[in-house]
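Undergrad: Got target36.pdb for you, PDB, C-alpha atoms:
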MODEL        1
ATOM      1  CA  MET T  23     -17.823  22.187  87.667
ATOM      2  CA  LEU T  24     -16.192  24.041  84.824
ATOM      3  CA  PHE T  25     -14.496  22.165  81.996
ATOM      4  CA  LYS T  26     -11.725  23.871  80.068
ATOM      5  CA  GLU T  27      -9.606  22.602  77.194
ATOM      6  CA  ASP T  28      -6.759  21.542  79.474
ATOM      7  CA  THR T  29      -8.869  20.337  82.410
ATOM      8  CA  VAL T  30      -7.735  17.062  83.969
ATOM      9  CA  VAL T  31     -10.403  14.970  85.693
ATOM     10  CA  TYR T  32      -9.123  12.787  88.520
ATOM     11  CA  VAL T  33     -11.422   9.965  89.653
ATOM     12  CA  GLY T  34     -10.637   8.410  93.022
ATOM     13  CA  CYS T  35     -10.803   4.650  93.456
ATOM     14  CA  PRO T  36      -9.224   1.827  95.508
ATOM     15  CA  LYS T  37      -6.686  -0.219  93.598
ATOM     16  CA  PHE T  38      -8.056  -3.716  94.123
ATOM     17  CA  TYR T  39     -11.483  -3.652  95.771
ATOM     18  CA  LYS T  40     -13.778  -4.651  92.882
ATOM     19  CA  THR T  41     -17.420  -3.597  93.066
ATOM     20  CA  GLY T  42     -19.924  -2.102  90.681
ATOM     21  CA  GLY T  43     -18.785   1.300  91.927
ATOM     22  CA  THR T  44     -15.089   0.766  91.273
ATOM     23  CA  GLU T  45     -15.827  -0.575  87.809
ATOM     24  CA  LEU T  46     -17.956   2.506  87.228
ATOM     25  CA  ALA T  47     -15.080   4.822  88.175
ATOM     26  CA  HIS T  48     -12.985   3.218  85.446
ATOM     27  CA  GLN T  49     -15.850   3.423  82.970
ATOM     28  CA  LEU T  50     -15.993   7.184  83.526
ATOM     29  CA  VAL T  51     -12.277   7.633  82.899
ATOM     30  CA  LYS T  52     -12.450   5.540  79.740
ATOM     31  CA  THR T  53     -15.504   7.445  78.477
ATOM     32  CA  LEU T  54     -13.822  10.799  79.061
ATOM     33  CA  ARG T  55     -10.675   9.640  77.278
ATOM     34  CA  ASP T  56     -12.720   8.291  74.382
ATOM     35  CA  LYS T  57     -14.181  11.781  74.056
ATOM     36  CA  GLY T  58     -10.699  13.280  73.876
ATOM     37  CA  LYS T  59     -10.569  14.594  77.449
ATOM     38  CA  ASN T  60      -7.803  14.306  80.009
ATOM     39  CA  ALA T  61      -8.813  11.866  82.737
ATOM     40  CA  GLU T  62      -6.917   9.785  85.288
ATOM     41  CA  ILE T  63      -7.771   7.047  87.754
ATOM     42  CA  VAL T  64      -6.331   7.930  91.164
ATOM     43  CA  TYR T  65      -5.651   4.830  93.235
ATOM     44  CA  PHE T  66      -5.723   6.602  96.578
ATOM     45  CA  ASP T  67      -4.465   3.530  98.436
ATOM     46  CA  ALA T  68      -1.510   2.952  96.081
ATOM     47  CA  LYS T  69       1.881   4.110  97.317
ATOM     48  CA  THR T  70       3.631   4.323  93.949
ATOM     49  CA  VAL T  71       2.707   4.475  90.276
ATOM     50  CA  ASP T  72       4.559   1.176  89.918
ATOM     51  CA  ASP T  73       2.213  -0.598  92.343
ATOM     52  CA  LYS T  74       1.483  -3.988  90.768
ATOM     53  CA  ASN T  75      -1.350  -4.987  93.095
ATOM     54  CA  ILE T  76      -4.075  -3.658  90.799
ATOM     55  CA  ASN T  77      -7.252  -5.621  90.116
ATOM     56  CA  PRO T  78      -6.678  -7.062  86.626
ATOM     57  CA  SER T  79     -10.306  -6.479  85.635
ATOM     58  CA  PHE T  80      -9.691  -2.716  85.812
ATOM     59  CA  THR T  81      -7.223  -2.803  82.920
ATOM     60  CA  LYS T  82     -10.071  -3.445  80.504
ATOM     61  CA  TYR T  83     -10.880   0.229  80.892
ATOM     62  CA  VAL T  84      -7.688   1.935  82.070
ATOM     63  CA  LYS T  85      -4.151   0.577  81.814
ATOM     64  CA  ASN T  86      -2.383   3.275  83.829
ATOM     65  CA  HIS T  87      -2.989   5.255  86.993
ATOM     66  CA  VAL T  88      -1.736   8.065  89.208
ATOM     67  CA  ILE T  89      -1.550   8.305  92.985
ATOM     68  CA  THR T  90      -2.780  11.025  95.321
ATOM     69  CA  LYS T  91       0.436  13.057  95.343
ATOM     70  CA  ASP T  92       0.285  13.307  91.531
ATOM     71  CA  ILE T  93      -2.954  15.302  91.550
ATOM     72  CA  GLU T  94      -2.333  18.800  90.245
ATOM     73  CA  ASP T  95      -4.199  21.097  92.634
ATOM     74  CA  VAL T  96      -5.221  23.893  90.273
ATOM     75  CA  SER T  97      -8.621  25.470  89.667
ATOM     76  CA  ASP T  98      -8.954  24.166  86.105
ATOM     77  CA  ASN T  99      -8.823  20.545  87.248
ATOM     78  CA  ILE T 100     -11.564  18.394  88.798
ATOM     79  CA  LEU T 101     -11.359  15.745  91.528
ATOM     80  CA  ILE T 102     -14.257  13.285  91.791
ATOM     81  CA  THR T 103     -14.347  10.946  94.766
ATOM     82  CA  PRO T 104     -16.834   8.280  95.838
ATOM     83  CA  GLU T 105     -18.971   8.940  98.899
ATOM     84  CA  VAL T 106     -16.883   6.515 100.976
ATOM     85  CA  LYS T 107     -13.722   8.565 100.458
ATOM     86  CA  THR T 108     -14.758  12.194 100.914
ATOM     87  CA  ASP T 109     -11.727  12.851 103.107
ATOM     88  CA  LEU T 110      -9.620  12.686  99.942
ATOM     89  CA  LEU T 111     -10.959  16.140  99.103
ATOM     90  CA  ASP T 112      -9.546  17.664 102.295
ATOM     91  CA  SER T 113      -5.976  17.558 101.036
ATOM     92  CA  PHE T 114      -6.653  19.994  98.205
ATOM     93  CA  THR T 115      -7.436  23.692  98.138
ATOM     94  CA  ASN T 116      -7.761  24.912  94.560
ATOM     95  CA  ILE T 117      -9.073  21.975  92.545
ATOM     96  CA  GLN T 118     -12.783  21.706  91.715
ATOM     97  CA  LYS T 119     -14.364  19.021  93.894
ATOM     98  CA  ALA T 120     -17.252  16.603  93.477
ATOM     99  CA  ILE T 121     -18.645  13.652  95.401
ATOM    100  CA  TRP T 122     -20.059  10.815  93.324
ATOM    101  CA  TRP T 123     -22.853   9.152  95.243
ATOM    102  CA  MET T 124     -22.682   5.561  94.059
ATOM    103  CA  SER T 125     -24.424   4.549  97.263
ATOM    104  CA  VAL T 126     -26.087   6.232 100.219
ATOM    105  CA  ASP T 127     -25.846   3.750 103.066
ATOM    106  CA  ASN T 128     -22.052   3.716 103.073
ATOM    107  CA  TYR T 129     -21.828   7.338 104.086
ATOM    108  CA  LEU T 130     -21.856   8.670 107.634
ATOM    109  CA  VAL T 131     -24.594  11.303 107.653
ATOM    110  CA  ASN T 132     -24.091  14.880 108.755
ATOM    111  CA  ASP T 133     -25.571  14.557 112.249
ATOM    112  CA  GLY T 134     -22.561  12.514 113.320
ATOM    113  CA  PHE T 135     -24.410   9.205 113.535
ATOM    114  CA  ILE T 136     -24.571   6.158 111.348
ATOM    115  CA  ASN T 137     -27.301   6.204 108.745
ATOM    116  CA  LYS T 138     -29.954   4.350 110.722
ATOM    117  CA  MET T 139     -31.926   3.334 107.640
ATOM    118  CA  HIS T 140     -29.868   0.162 107.293
ATOM    119  CA  CYS T 141     -27.248  -0.777 109.852
ATOM    120  CA  ILE T 142     -25.564  -2.966 107.227
ATOM    121  CA  GLY T 143     -24.419   0.320 105.696
ATOM    122  CA  PHE T 144     -22.218   0.764 108.741
ATOM    123  CA  LEU T 145     -20.696  -2.663 108.285
ATOM    124  CA  ARG T 146     -19.890  -1.850 104.689
ATOM    125  CA  THR T 147     -18.379   1.461 105.755
ATOM    126  CA  VAL T 148     -16.171  -0.379 108.258
ATOM    127  CA  LYS T 149     -15.147  -2.821 105.525
ATOM    128  CA  ALA T 150     -14.330   0.047 103.182
ATOM    129  CA  PHE T 151     -12.329   1.728 105.932
ATOM    130  CA  LEU T 152     -10.301  -1.403 106.611
ATOM    131  CA  LEU T 153      -9.562  -1.649 102.895
ATOM    132  CA  GLY T 154      -8.427   1.962 102.780
ATOM    133  CA  CYS T 155     -11.523   3.139 100.923
ATOM    134  CA  GLY T 156     -13.210   5.366 103.446
ATOM    135  CA  SER T 157     -13.204   7.244 106.704
ATOM    136  CA  LEU T 158     -15.006   6.447 109.931
ATOM    137  CA  LYS T 159     -14.975  10.077 110.933
ATOM    138  CA  ALA T 160     -18.465  11.598 110.979
ATOM    139  CA  LYS T 161     -18.570  14.524 108.630
ATOM    140  CA  LYS T 162     -21.091  17.029 107.367
ATOM    141  CA  ILE T 163     -21.966  17.064 103.692
ATOM    142  CA  ASP T 164     -20.324  19.984 101.922
ATOM    143  CA  LYS T 165     -23.096  21.866 100.121
ATOM    144  CA  ASN T 166     -20.646  24.109  98.274
ATOM    145  CA  ILE T 167     -19.240  21.462  95.982
ATOM    146  CA  ASP T 168     -20.848  19.407  93.229
ATOM    147  CA  HIS T 169     -22.708  16.189  93.992
ATOM    148  CA  LEU T 170     -23.185  13.538  91.319
ATOM    149  CA  TYR T 171     -25.827  10.868  91.809
ATOM    150  CA  GLN T 172     -25.875   7.370  90.356
ATOM    151  CA  SER T 173     -29.406   6.527  91.518
ATOM    152  CA  GLU T 174     -32.756   8.137  92.240
ATOM    153  CA  TYR T 175     -32.274   6.921  95.795
ATOM    154  CA  ALA T 176     -29.111   9.037  96.084
ATOM    155  CA  ARG T 177     -30.802  12.036  94.447
ATOM    156  CA  ASP T 178     -33.655  11.879  96.953
ATOM    157  CA  PHE T 179     -31.146  11.651  99.796
ATOM    158  CA  LEU T 180     -29.230  14.720  98.605
ATOM    159  CA  VAL T 181     -32.408  16.740  98.163
ATOM    160  CA  SER T 182     -33.480  15.778 101.693
ATOM    161  CA  LYS T 183     -30.186  17.215 102.969
ATOM    162  CA  GLY T 184     -30.759  20.538 101.225
ATOM    163  CA  ILE T 185     -28.113  19.978  98.548
ATOM    164  CA  THR T 186     -28.797  21.991  95.392
ATOM    165  CA  ARG T 187     -25.690  21.399  93.272
ATOM    166  CA  ILE T 188     -26.714  17.903  92.181
ATOM    167  CA  TYR T 189     -26.262  16.340  88.753
ATOM    168  CA  GLU T 190     -26.947  12.936  87.264
ATOM    169  CA  LEU T 191     -23.991  10.710  86.512
ATOM    170  CA  SER T 192     -25.484   7.241  86.304
ATOM    171  CA  ASP T 193     -23.871   4.001  85.174
ATOM    172  CA  TYR T 194     -24.251   1.046  82.863
ATOM    173  CA  LEU T 195     -23.606  -2.668  82.954
ATOM    174  CA  ASN T 196     -20.552  -4.446  81.660
ATOM    175  CA  ASP T 197     -20.829  -4.864  77.885
ATOM    176  CA  ALA T 198     -20.961  -8.642  78.338
ATOM    177  CA  TYR T 199     -24.446  -8.232  79.796
ATOM    178  CA  LEU T 200     -25.599  -5.697  77.228
ATOM    179  CA  ASP T 201     -25.033  -8.238  74.465
ATOM    180  CA  THR T 202     -28.416  -9.986  74.590
ATOM    181  CA  ARG T 203     -27.908 -12.344  71.650
ATOM    182  CA  LYS T 204     -27.519 -15.287  74.016
ATOM    183  CA  VAL T 205     -30.708 -14.579  75.943
ATOM    184  CA  ARG T 206     -33.351 -17.265  75.394
ATOM    185  CA  TYR T 207     -36.668 -17.597  77.161
ATOM    186  CA  LYS T 208     -37.094 -21.329  76.629
ATOM    187  CA  ASP T 209     -35.568 -24.400  78.272
ATOM    188  CA  ARG T 210     -34.646 -22.606  81.477
ATOM    189  CA  LYS T 211     -34.211 -24.395  84.776
ATOM    190  CA  ASP T 212     -36.475 -23.740  87.753
ATOM    191  CA  ASN T 213     -33.620 -22.129  89.662
ATOM    192  CA  VAL T 214     -34.244 -19.476  92.297
ATOM    193  CA  LEU T 215     -30.989 -17.540  92.477
ATOM    194  CA  TYR T 216     -29.803 -15.344  95.339
ATOM    195  CA  ASN T 217     -26.658 -13.595  96.475
ATOM    196  CA  PRO T 218     -25.798 -14.906  99.968
ATOM    197  CA  ARG T 219     -24.101 -11.590 100.755
ATOM    198  CA  LYS T 220     -27.346  -9.666 100.323
ATOM    199  CA  GLY T 221     -30.188 -10.040 102.795
ATOM    200  CA  ALA T 222     -28.942 -13.431 103.941
ATOM    201  CA  LYS T 223     -30.961 -13.554 107.162
ATOM    202  CA  PHE T 224     -34.312 -13.041 105.447
ATOM    203  CA  THR T 225     -33.425 -15.184 102.440
ATOM    204  CA  LYS T 226     -32.695 -18.071 104.807
ATOM    205  CA  LYS T 227     -36.252 -17.737 106.082
ATOM    206  CA  LEU T 228     -37.571 -18.021 102.532
ATOM    207  CA  ILE T 229     -35.454 -21.110 101.896
ATOM    208  CA  LYS T 230     -36.711 -22.685 105.104
ATOM    209  CA  ALA T 231     -40.316 -21.916 104.150
ATOM    210  CA  ALA T 232     -39.944 -23.535 100.698
ATOM    211  CA  PRO T 233     -37.193 -26.182 100.818
ATOM    212  CA  ASP T 234     -38.659 -27.887  97.740
ATOM    213  CA  LEU T 235     -37.586 -25.008  95.487
ATOM    214  CA  ASN T 236     -34.241 -25.191  93.711
ATOM    215  CA  TRP T 237     -32.413 -22.399  95.557
ATOM    216  CA  LYS T 238     -28.978 -21.609  94.148
ATOM    217  CA  PRO T 239     -26.506 -19.166  95.725
ATOM    218  CA  ILE T 240     -24.411 -17.026  93.412
ATOM    219  CA  GLN T 241     -20.977 -17.361  94.943
ATOM    220  CA  ASN T 242     -17.417 -18.430  94.130
ATOM    221  CA  MET T 243     -18.034 -17.981  90.402
ATOM    222  CA  THR T 244     -16.264 -16.155  87.625
ATOM    223  CA  THR T 245     -18.099 -13.456  85.675
ATOM    224  CA  ASP T 246     -18.677 -15.902  82.823
ATOM    225  CA  GLU T 247     -20.029 -18.555  85.190
ATOM    226  CA  VAL T 248     -22.460 -16.087  86.769
ATOM    227  CA  ARG T 249     -23.614 -14.936  83.360
ATOM    228  CA  ASP T 250     -24.202 -18.527  82.234
ATOM    229  CA  LEU T 251     -26.191 -19.318  85.381
ATOM    230  CA  LEU T 252     -28.389 -16.239  84.894
ATOM    231  CA  LEU T 253     -29.010 -17.168  81.265
ATOM    232  CA  HIS T 254     -30.359 -20.574  82.276
ATOM    233  CA  SER T 255     -32.428 -19.665  85.351
ATOM    234  CA  LYS T 256     -35.895 -18.224  85.893
ATOM    235  CA  VAL T 257     -35.863 -16.214  89.119
ATOM    236  CA  TYR T 258     -33.473 -13.970  91.036
ATOM    237  CA  VAL T 259     -34.422 -12.701  94.507
ATOM    238  CA  ASP T 260     -32.653  -9.854  96.285
ATOM    239  CA  PHE T 261     -33.574  -8.902  99.837
ATOM    240  CA  GLY T 262     -30.495  -6.813 100.518
ATOM    241  CA  ASN T 263     -30.410  -3.145 101.475
ATOM    242  CA  HIS T 264     -29.830  -1.780  97.915
ATOM    243  CA  PRO T 265     -27.470   1.088  98.890
ATOM    244  CA  GLY T 266     -27.400   2.334  95.295
ATOM    245  CA  LYS T 267     -28.683   1.265  91.894
ATOM    246  CA  ASP T 268     -27.336  -2.249  92.326
ATOM    247  CA  ARG T 269     -25.980  -4.159  89.363
ATOM    248  CA  PHE T 270     -27.017  -7.678  90.308
ATOM    249  CA  PRO T 271     -30.779  -7.166  89.796
ATOM    250  CA  ARG T 272     -30.061  -5.534  86.449
ATOM    251  CA  GLU T 273     -27.655  -8.250  85.361
ATOM    252  CA  ALA T 274     -30.254 -10.871  86.250
ATOM    253  CA  ALA T 275     -33.094  -9.017  84.530
ATOM    254  CA  ILE T 276     -31.194  -8.377  81.302
ATOM    255  CA  SER T 277     -30.240 -12.068  81.288
ATOM    256  CA  GLY T 278     -33.897 -13.085  81.321
ATOM    257  CA  CYS T 279     -34.656 -13.683  85.011
ATOM    258  CA  CYS T 280     -37.766 -12.580  86.858
ATOM    259  CA  ILE T 281     -36.739 -10.279  89.721
ATOM    260  CA  ILE T 282     -38.251 -10.192  93.204
ATOM    261  CA  THR T 283     -36.944  -7.700  95.776
ATOM    262  CA  ASP T 284     -37.667  -6.024  99.059
ATOM    263  CA  ARG T 285     -38.408  -2.282  99.345
ATOM    264  CA  ARG T 286     -35.190  -1.123 100.937
ATOM    265  CA  GLY T 287     -32.911   1.563  99.574
ATOM    266  CA  SER T 288     -33.043   1.991  95.821
ATOM    267  CA  ALA T 289     -35.664  -0.769  95.573
ATOM    268  CA  GLY T 290     -38.071   1.547  97.381
ATOM    269  CA  ASN T 291     -38.708   3.805  94.383
ATOM    270  CA  GLU T 292     -40.166   3.229  90.932
ATOM    271  CA  ILE T 293     -37.113   4.376  88.983
ATOM    272  CA  ASP T 294     -33.991   2.507  90.118
ATOM    273  CA  ILE T 295     -35.578  -0.949  90.000
ATOM    274  CA  LYS T 296     -38.466  -0.444  87.626
ATOM    275  CA  ILE T 297     -40.389  -3.659  88.009
ATOM    276  CA  PRO T 298     -44.101  -4.151  88.736
ATOM    277  CA  GLU T 299     -44.982  -3.366  92.342
ATOM    278  CA  LYS T 300     -46.317  -6.871  92.903
ATOM    279  CA  TYR T 301     -42.730  -8.129  92.748
ATOM    280  CA  LYS T 302     -41.564  -5.897  95.626
ATOM    281  CA  PHE T 303     -42.231  -6.806  99.243
ATOM    282  CA  VAL T 304     -41.546  -5.512 102.716
ATOM    283  CA  ASP T 305     -39.225  -8.187 104.049
ATOM    284  CA  ASN T 306     -41.082  -9.285 107.170
ATOM    285  CA  ASN T 307     -42.401 -12.612 108.400
ATOM    286  CA  GLU T 308     -45.973 -11.709 107.467
ATOM    287  CA  ASN T 309     -45.031 -11.558 103.788
ATOM    288  CA  ILE T 310     -43.069 -14.796 103.528
ATOM    289  CA  ASP T 311     -45.998 -16.837 102.199
ATOM    290  CA  LYS T 312     -46.835 -14.117  99.660
ATOM    291  CA  ILE T 313     -43.234 -13.959  98.463
ATOM    292  CA  ILE T 314     -43.020 -17.719  98.057
ATOM    293  CA  SER T 315     -46.296 -17.673  96.147
ATOM    294  CA  GLU T 316     -44.933 -15.026  93.760
ATOM    295  CA  ILE T 317     -41.726 -16.992  93.277
ATOM    296  CA  ARG T 318     -43.747 -20.077  92.359
ATOM    297  CA  SER T 319     -45.820 -18.026  89.950
ATOM    298  CA  CYS T 320     -42.647 -16.821  88.206
ATOM    299  CA  LEU T 321     -41.377 -20.391  87.966
ATOM    300  CA  TYR T 322     -44.551 -22.050  86.753
ATOM    301  CA  ASN T 323     -45.822 -19.170  84.600
ATOM    302  CA  TYR T 324     -42.423 -17.947  83.477
ATOM    303  CA  SER T 325     -43.316 -17.399  79.813
ATOM    304  CA  ASN T 326     -46.070 -14.955  80.820
ATOM    305  CA  ASN T 327     -44.491 -13.322  83.871
ATOM    306  CA  ILE T 328     -41.192 -12.536  82.144
ATOM    307  CA  LYS T 329     -43.053 -10.211  79.771
ATOM    308  CA  GLU T 330     -43.800  -7.909  82.701
ATOM    309  CA  TYR T 331     -40.086  -7.048  82.962
ATOM    310  CA  GLU T 332     -39.708  -5.765  79.416
ATOM    311  CA  GLU T 333     -39.748  -2.081  80.398
ATOM    312  CA  TYR T 334     -37.053  -2.693  83.019
ATOM    313  CA  ARG T 335     -34.878  -4.588  80.533
ATOM    314  CA  GLN T 336     -35.240  -1.836  77.943
ATOM    315  CA  ARG T 337     -34.252   0.773  80.514
ATOM    316  CA  ILE T 338     -31.141  -1.267  81.345
ATOM    317  CA  LEU T 339     -30.214  -1.513  77.664
ATOM    318  CA  ASN T 340     -30.495   2.286  77.362
ATOM    319  CA  GLU T 341     -28.267   3.021  80.356
ATOM    320  CA  LYS T 342     -25.017   3.231  78.410
ATOM    321  CA  GLU T 343     -26.521   5.873  76.121
ATOM    322  CA  VAL T 344     -27.810   7.789  79.152
ATOM    323  CA  PHE T 345     -24.383   7.611  80.793
ATOM    324  CA  ASN T 346     -22.757   8.998  77.655
ATOM    325  CA  GLU T 347     -25.292  11.820  77.621
ATOM    326  CA  ASN T 348     -24.480  12.564  81.267
ATOM    327  CA  VAL T 349     -20.773  12.767  80.446
ATOM    328  CA  GLU T 350     -21.488  15.007  77.447
ATOM    329  CA  ASP T 351     -23.476  17.326  79.722
ATOM    330  CA  MET T 352     -20.544  17.405  82.112
ATOM    331  CA  ILE T 353     -17.897  18.311  79.558
ATOM    332  CA  SER T 354     -20.146  20.831  77.791
ATOM    333  CA  ASN T 355     -20.493  22.652  81.114
ATOM    334  CA  LYS T 356     -24.158  21.983  81.658
ATOM    335  CA  TYR T 357     -23.001  20.830  85.114
ATOM    336  CA  ASN T 358     -22.160  24.386  86.080
TER     337      ASN T 358
ENDMDL
END
How does this structure look as structure tokens?
TA:
Amino acid sequence: MLFKEDTVVYVGCPKFYKTGGTELAHQLVKTLRDKGKNAEIVYFDAKTVDDKNINPSFTKYVKNHVITKDIEDVSDNILITPEVKTDLLDSFTNIQKAIWWMSVDNYLVNDGFINKMHCIGFLRTVKAFLLGCGSLKAKKIDKNIDHLYQSEYARDFLVSKGITRIYELSDYLNDAYLDTRKVRYKDRKDNVLYNPRKGAKFTKKLIKAAPDLNWKPIQNMTTDEVRDLLLHSKVYVDFGNHPGKDRFPREAAISGCCIITDRRGSAGNEIDIKIPEKYKFVDNNENIDKIISEIRSCLYNYSNNIKEYEEYRQRILNEKEVFNENVEDMISNKYN
């Protein structure tokens, strides 16, 4: 993509569906504006610029928006869309185009079938479609446009598909998590936290195998309540499919929790979730006893085990700087 002085960058996003990816879209627009560049959030499911049904958490980054018909389709401008909304690009001829791969599993791969790696990816794609965030039409990946990757998992996927125009555009956590002054490693409760929306079937097996542990679901909480729970707990387990570089493991780690995951998706490499290999497991019945044993070790030897996550926590703290460097590379035309 080629940046010029008057280039406008349009970043596609749903107007209310709040995820790590939608927050990230707003973070990009804010970062570009902070650097003096023209950037706009495009709520592709909004009908008017006066649409009031906007997630209030988005206004922290961007207080205004445009809609699809406002995009100026000229060659100096750039349109970036998430992988679940690639059909947005089809309406434009002249504008420079890019797909931002915030996940992999939510995309229908180019052979016309669902990505068989994790069928839950299909369910999420259906959910996105119902919310106006994606298309169920199978579609080949366009190799002639730019592809931005948020995770090593996505980069590996793009390389496997023969894509060559790939560039890093990562992400970073909400600033509330990057402020580590409240993190203490003493007087924590023996909580084992989990997200019931991620890997629920296998997590239920773990709970059944160790009912004596203090399992706590993270649900129906505000951001502040989640943060407080993480700051006072010892372990977070995540046996979901990790479609991208998920935020929950990072939020838990930076808050002082030991992290235990499966090896699916982005958890399958040593970059996206950079924790010792002994804390990653294939989520099958044969490993349940081993997983429970590791959880108990993190609870009872917390003061020692938590030290093994220091490299991961430092990487998380550096992500905002890396993201800014990525954006600088973009606007200085290193992504060209």
Undergrad: Rounded to one decimal, what separation in Å do you get between CA of Tyr171 in chain T and CA of Ser79 in chain T?
TA: 24.1 Å
Undergrad: Name the residues that the PyMOL selection byres ((chain T and resi 72) around 12) pulls out of this structure, and write them as a ChimeraX atom specification.
TA: /T:37,65,68-71,73-76,85-89
Undergrad: Counting all atoms listed in the file, what is within 9 Å of Ile281 in chain T, bar same-chain residues fewer than 3 positions away, as a PyMOL selection string?
TA: chain T and resi 256-260+271-272+274-275+297+301-302+320+331
Undergrad: Which residue out of T:Asn263, T:Asn166, T:Ser113, T:Asn309 has the minimum interatomic distance to Ala222 in chain T when only C-alpha atoms are used?
TA: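 Selected residue with least distance to Ala222 in chain T: T:Asn263.
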Undergrad: Distance CA of Cys280 in chain T-CA of Ile338 in chain T, one decimal place?
TA: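 Rounded to one decimal, the two atoms are 14.2 Å apart.
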Undergrad: For the file shown, what are the residues hit by the PyMOL selection byres ((chain T and resi 43) around 12), laid out as a PyMOL selection string?
TA: chain T and resi 33-36+39-42+44-50+80+103-106+122-125+128+155+171-173+192-196+265-269
Undergrad: Please enumerate the residues selected by the PyMOL selection byres ((chain T and resi 333) around 12) when evaluated against the supplied file, formatted as a PyMOL selection string.
TA: chain T and resi 272+275-276+292-293+295-298+328-332+334-340
Undergrad: CA of Ile314 in chain T to CA of Ala231 in chain T: how many Å, to one decimal?
TA: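 So the two atoms, CA of Ile314 in chain T and CA of Ala231 in chain T, lie 7.9 Å apart.
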Undergrad: Ranking T:Asn99, T:Ser277, T:Asn77, T:Thr90 by minimum distance to Ala61 in chain T and counting all atoms listed in the file, which one comes first?
TA: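 Of T:Asn99, T:Ser277, T:Asn77, T:Thr90, the one nearest Ala61 in chain T, counting all atoms listed in the file, is T:Asn99.
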Undergrad: Excluding same-chain residues fewer than 3 positions from Ile229 in chain T, what lies within 12 Å of it counting all atoms listed in the file, as a PyMOL selection string?
TA: chain T and resi 214-216+218+222-226+232-239+259+310-311+313-314+317
Undergrad: Which residues are close to Asp351 in chain T, i.e. within 12 Å by all atoms listed in the file, leaving aside same-chain residues fewer than 6 positions away? Reply as a PyMOL selection string.
TA: chain T and resi 23-25+54+189-191+344-345+357-358
Undergrad: Put those residues in a file: C-alpha atoms, as a PDB file, in the coordinates of the input.
TA:
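The resulting again-v8.pdb:
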ATOM      1  CA  MET T  23     -17.823  22.187  87.667  1.00  0.00           C
ATOM      2  CA  LEU T  24     -16.192  24.041  84.824  1.00  0.00           C
ATOM      3  CA  PHE T  25     -14.496  22.165  81.996  1.00  0.00           C
ATOM      4  CA  LEU T  54     -13.822  10.799  79.061  1.00  0.00           C
ATOM      5  CA  TYR T 189     -26.262  16.340  88.753  1.00  0.00           C
ATOM      6  CA  GLU T 190     -26.947  12.936  87.264  1.00  0.00           C
ATOM      7  CA  LEU T 191     -23.991  10.710  86.512  1.00  0.00           C
ATOM      8  CA  VAL T 344     -27.810   7.789  79.152  1.00  0.00           C
ATOM      9  CA  PHE T 345     -24.383   7.611  80.793  1.00  0.00           C
ATOM     10  CA  TYR T 357     -23.001  20.830  85.114  1.00  0.00           C
ATOM     11  CA  ASN T 358     -22.160  24.386  86.080  1.00  0.00           C
TER      12      ASN T 358
END
